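Novice: Please find one structure pasted underneath; my questions will follow.
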Amino acid sequence: MLIKSLEELSQIKQQYTHKISLRLQRDTPTTEKHILVCAGTGCHANESDLVIKRLEATIKTRNLSDKVKVIRTGCFGFCEQGPIVKIEPDNVFYVRVGPRKDVKDIVDEHIIKGERVERLLYEDPQTKERAHTQEEMAFYKKQQRVALRNCGLINPEDIYEYIAVGGYEALGKALTQMSRAEVIEVVKKSGLRGRGGGGFPTGLKWEITSKQEDEEKFIICNADEGDPGAFMDRSILEGDPHSVIEAMAIGGYAIGATKGIVYIRAEYPLAISRLNTALAQARELGLLGEGIFGTDFSFDVRLKYGAGAFVCGEETALIKSCEGKRGEPNYKPPYPAEQGYWGKPTCVNNVETFANIPMIMTKGAEWFASLGTEKSKGTKVFALAGKVNNVGLVEVPMGTTLREIIFDIGGGIREGKKFKAVQTGGPSGGVITKKDLDTPIDYDHLLEIGSMMGSGGMIVMDEDDNMVNIAKFYLEFTMDEACGRCAPGRIGTKRLYELLHKITSGQATMADMDALKQLAYMVKDSSLCGLCQTAPNPVISTMKHFWDEYMAFVKDVDHPQGEGRYVPKNKIGLES
Amino acid sequence: MTKPQEIDVIKPVGEELPQEKFQELESYINSLETTKGALIEILHKAQEIFGYLPRDVQLFVARKLGIPGAEVYGVVSFYSYFTTKPGGKHTISVCMGTACFVRGADKIIERFKERLGIEANETTEDGLFTLKDVRCLGACGLAPVVVVDDKVYGRVKVEDVDDIINTYRREGAAVC
């Protein structure tokens, strides 16, 4: 069946609303229950598949199949406590559910007798109290889910569930009621900036691409999440693939493209399979293909697999890789908006950026712009990991402070240790120390304190972590991942790594420290693309904040200049 | 003057590798709408079929697409997902994402190297294990993470390494 108008879409929505109303309108009296089980990679790795199978089997043997349904959803975000099972409409959130006794108790105690299984409720590590609803948990209290709105709510493999929560309405509205320029205007007004890290205004990017006069244009979704310690894009694709497809179609309409490409990491098999399922379903309903919503707009999406190269997150390198070549970046200009995929105007946006688009279209630019800070609108998803109690995906309005994220949502540092630093922006970012914990997080503030947004990885470190080792770890990564095209990237990162290795093995002199610093700035200033321009950031920021730790490695060594007589050669000082 | 060394003639395609695998790859390439820009897709498929990308396979792809072998090798060597060496029976992947690193993944991979007597991205002599250091598996809640084939081991401690290896050694012995 093909959906040819907004009316037909809304009929289908009506028809399938009952599928999810149980999860949305909790006050409706019913004897039915939905058991939502996280089937994201994190919980999947923790045997959530087995939990699902056992739940289904137990329900069958208890003859409850008519009333109780088990639904696989995307990520709830609280990966630390996986596998997660949520019972609706009771709004009960169970954590660390095992496939044996826990499953049996959930069915026998909760479903049949109507009594909560207390031991499976989340216990607050500070107050030792059990949380009876999801909203009571400190982890969720300050969160606001926009990009992650459907993750953990709907079955990502069922397009009707997506339609039932209002999916594809934004696309229908854009195609049937708005001009291309109007769509771009809404995105511009919303203030949405690229969530891949650079923070370029999305509406402006769309506008530039739309103004290119070329018969063929492309829209690409960058799903090559290579940042170690970031997994928000993967979770969105696994938990809500249709929102990305819908947004790509809206973007395609706005810029005048009929072809979309999702460039995705081959290492994300679950995300790939969910995307393929979603694409097939969208095509079947005519939401992709020829004449969408009865208009003359045609659009389709195909997948291109990455093959493991961090640099391919950079848009010009990504385009090269889409063309089947080595993923080496280009000088800009020309920008991809002018000359991209096969020389045609191409708009590249990241997964999380796209995930925001349908909400902006349905709820309006003003609503989106009311969230966040003056120059960074909306929310941002962070992958909170490292030495923090509550590891997981966290979505908060821009402007939330690091302290709120790490201590309120993240539940503080593990094992009662002291907070030392947090690295934001992955290998391209920098460390942020205690004194900046109260800085509101947005693109500009992070740059001001010597780090960056990046894709939103947030790794927390405690007193046990040696910051020189951390810097060395990141340099090893960027050295390996540098594409080799420019000398500063190819040789500079290697020499930086060698110097760090020399330092940590206790062989370094003050002259090496001087060389390290000079080289760091040289690589930063002279590399071809963002990867190596930002590669020295971990070195620069750890030298700035943790000079003592470098000195601890150096001071025991005989060196020509003698300790304490070190004079920096270049003008840029290390003091903050 | 010594005679110039005889240059290795390129072996006929598929001499040692099973012919039917080449046929499978060829029919995949023939099924593509266009081969323009499809090199990476083809290499993904080839690696799926052969398990790795030896020289003969690379040359086969090059000839089929009418491009220089060097171009194919350039792409194969650029991307970490492609490998030119056959893997062992079991692949042990140690996640080296930052979250795992700060929770001790470096010590875990060291223990694996020591116990197996190989470096990362090498295969043990008996062909039982290939050790890999991989970039973020995205299961940061379970850090540090080790994946053997498809089985995920979360919150791994250095002491667990021997047990993990032994599980697969025993299984190997049982089969023999």
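Convention: chains lettered A, B, ... in structure tokens order; per-chain residue numbering from 1; ligands numbered from 1 as shown.
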Find the residues in chain B near chain A: any atom within 10 Å counts, using only C-alpha atoms. Write them as number ranges by chain.

Specialist: B: 35-44, 71-72, 74-82, 95-103, 106, 134-145, 147, 150-154

Novice: So that I have them on file, write out the residues from the current selection with C-alpha atoms, as an mmCIF file, in the first residue's frame.

Specialist:
data_model
loop_
_atom_site.group_PDB
_atom_site.id
_atom_site.type_symbol
_atom_site.label_atom_id
_atom_site.label_comp_id
_atom_site.auth_asym_id
_atom_site.auth_seq_id
_atom_site.Cartn_x
_atom_site.Cartn_y
_atom_site.Cartn_z
ATOM 1 C CA THR B 35 31.236 -0.566 -10.855
ATOM 2 C CA LYS B 36 31.860 3.163 -10.726
ATOM 3 C CA GLY B 37 32.833 3.957 -7.162
ATOM 4 C CA ALA B 38 32.110 0.405 -6.047
ATOM 5 C CA LEU B 39 35.667 -0.677 -5.209
ATOM 6 C CA ILE B 40 35.164 -0.600 -1.439
ATOM 7 C CA GLU B 41 31.873 -2.488 -1.672
ATOM 8 C CA ILE B 42 33.551 -5.128 -3.829
ATOM 9 C CA LEU B 43 36.430 -5.481 -1.389
ATOM 10 C CA HIS B 44 33.963 -5.871 1.487
ATOM 11 C CA GLU B 71 45.011 1.364 -6.792
ATOM 12 C CA VAL B 72 43.322 -1.636 -5.246
ATOM 13 C CA GLY B 74 46.163 1.521 -2.011
ATOM 14 C CA VAL B 75 42.592 1.185 -0.830
ATOM 15 C CA VAL B 76 43.114 -2.157 0.932
ATOM 16 C CA SER B 77 46.076 -0.832 2.906
ATOM 17 C CA PHE B 78 44.339 2.441 3.781
ATOM 18 C CA TYR B 79 41.405 0.984 5.654
ATOM 19 C CA SER B 80 41.886 -0.956 8.866
ATOM 20 C CA TYR B 81 38.876 -3.193 8.215
ATOM 21 C CA PHE B 82 40.639 -4.884 5.309
ATOM 22 C CA CYS B 95 38.394 -2.673 22.633
ATOM 23 C CA MET B 96 40.874 0.193 22.812
ATOM 24 C CA GLY B 97 38.307 2.976 22.992
ATOM 25 C CA THR B 98 39.034 5.675 25.545
ATOM 26 C CA ALA B 99 36.439 4.443 28.017
ATOM 27 C CA CYS B 100 37.992 0.975 27.998
ATOM 28 C CA PHE B 101 41.507 2.415 28.086
ATOM 29 C CA VAL B 102 40.925 4.403 31.271
ATOM 30 C CA ARG B 103 39.487 1.283 32.841
ATOM 31 C CA ASP B 106 45.935 -1.562 27.900
ATOM 32 C CA VAL B 134 39.927 -2.479 17.843
ATOM 33 C CA ARG B 135 38.539 1.023 18.005
ATOM 34 C CA CYS B 136 35.539 1.574 20.223
ATOM 35 C CA LEU B 137 32.929 -1.147 20.145
ATOM 36 C CA GLY B 138 30.482 1.289 21.695
ATOM 37 C CA ALA B 139 29.676 -0.827 24.720
ATOM 38 C CA CYS B 140 31.270 1.651 27.115
ATOM 39 C CA GLY B 141 28.978 0.615 29.960
ATOM 40 C CA LEU B 142 30.750 -2.740 30.028
ATOM 41 C CA ALA B 143 34.273 -1.326 29.832
ATOM 42 C CA PRO B 144 36.777 -2.840 29.443
ATOM 43 C CA VAL B 145 35.338 -5.050 26.731
ATOM 44 C CA VAL B 147 34.982 -9.783 22.118
ATOM 45 C CA ASP B 150 30.652 -12.897 18.587
ATOM 46 C CA LYS B 151 30.771 -13.407 22.316
ATOM 47 C CA VAL B 152 31.143 -10.257 24.371
ATOM 48 C CA TYR B 153 33.025 -10.290 27.667
ATOM 49 C CA GLY B 154 32.322 -7.173 29.727
#

Novice: Taking 5 positions as the minimum chain separation for residues in the same chain, which residues sit within 10 Å of Gly343 of chain A when counting only C-alpha atoms? Answer as number ranges by chain.

Specialist: A: 216-217, 319, 334, 336-338

Novice: Hey, what's within 9 Å of Pro86 of chain B if we count only C-alpha atoms and toss same-chain stuff fewer than 3 positions away? As a list of chain:residue names, please?

Specialist: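 After dropping sequence-adjacent residues, the list is B:Phe50, B:Gly51, B:Tyr52, B:Leu53, B:Pro54, B:Thr83, B:Thr123.
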
Novice: Please list as a list in words every residue within 12 Å of Gly114 of chain A, counting only C-alpha atoms and excluding residues in the same chain fewer than 6 positions away.

Specialist: Thr31, Lys33, Ile87, Asp90, Val92, Asp105, Ile106, Val107 and Asp108 of chain A

Novice: Looking at only C-alpha atoms, which of A:Glu8, A:Asp300, A:Asp438, A:Asp548 is the one that sits closest to Phe218 of chain A?

Specialist: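 Of A:Glu8, A:Asp300, A:Asp438, A:Asp548, the one nearest Phe218 of chain A, counting only C-alpha atoms, is A:Asp300.
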
Novice: Please identify all polymer residues within 9 Å of Glu110 of chain B, counting only C-alpha atoms, omitting same-chain residues fewer than 5 positions from it, and present them as a ChimeraX atom specification.

Specialist: /B:105,115,119

Novice: Can you work out which one of B:Phe22, B:Thr34, B:Val161, B:Lys85 has the shortest atom-to-atom distance to Phe60 of chain B, counting only C-alpha atoms?

Specialist: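 Checking each of B:Phe22, B:Thr34, B:Val161, B:Lys85 against Phe60 of chain B, counting only C-alpha atoms, the winner is B:Phe22.
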
Novice: For each of A:Tyr140, A:Trp206, A:Tyr122, A:Tyr341, take the minimum atom-to-atom distance to Tyr253 of chain A, counting only C-alpha atoms, then give the residue where this is smallest.

Specialist: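 Using only C-alpha atoms, the shortest distance to Tyr253 of chain A belongs to A:Trp206.
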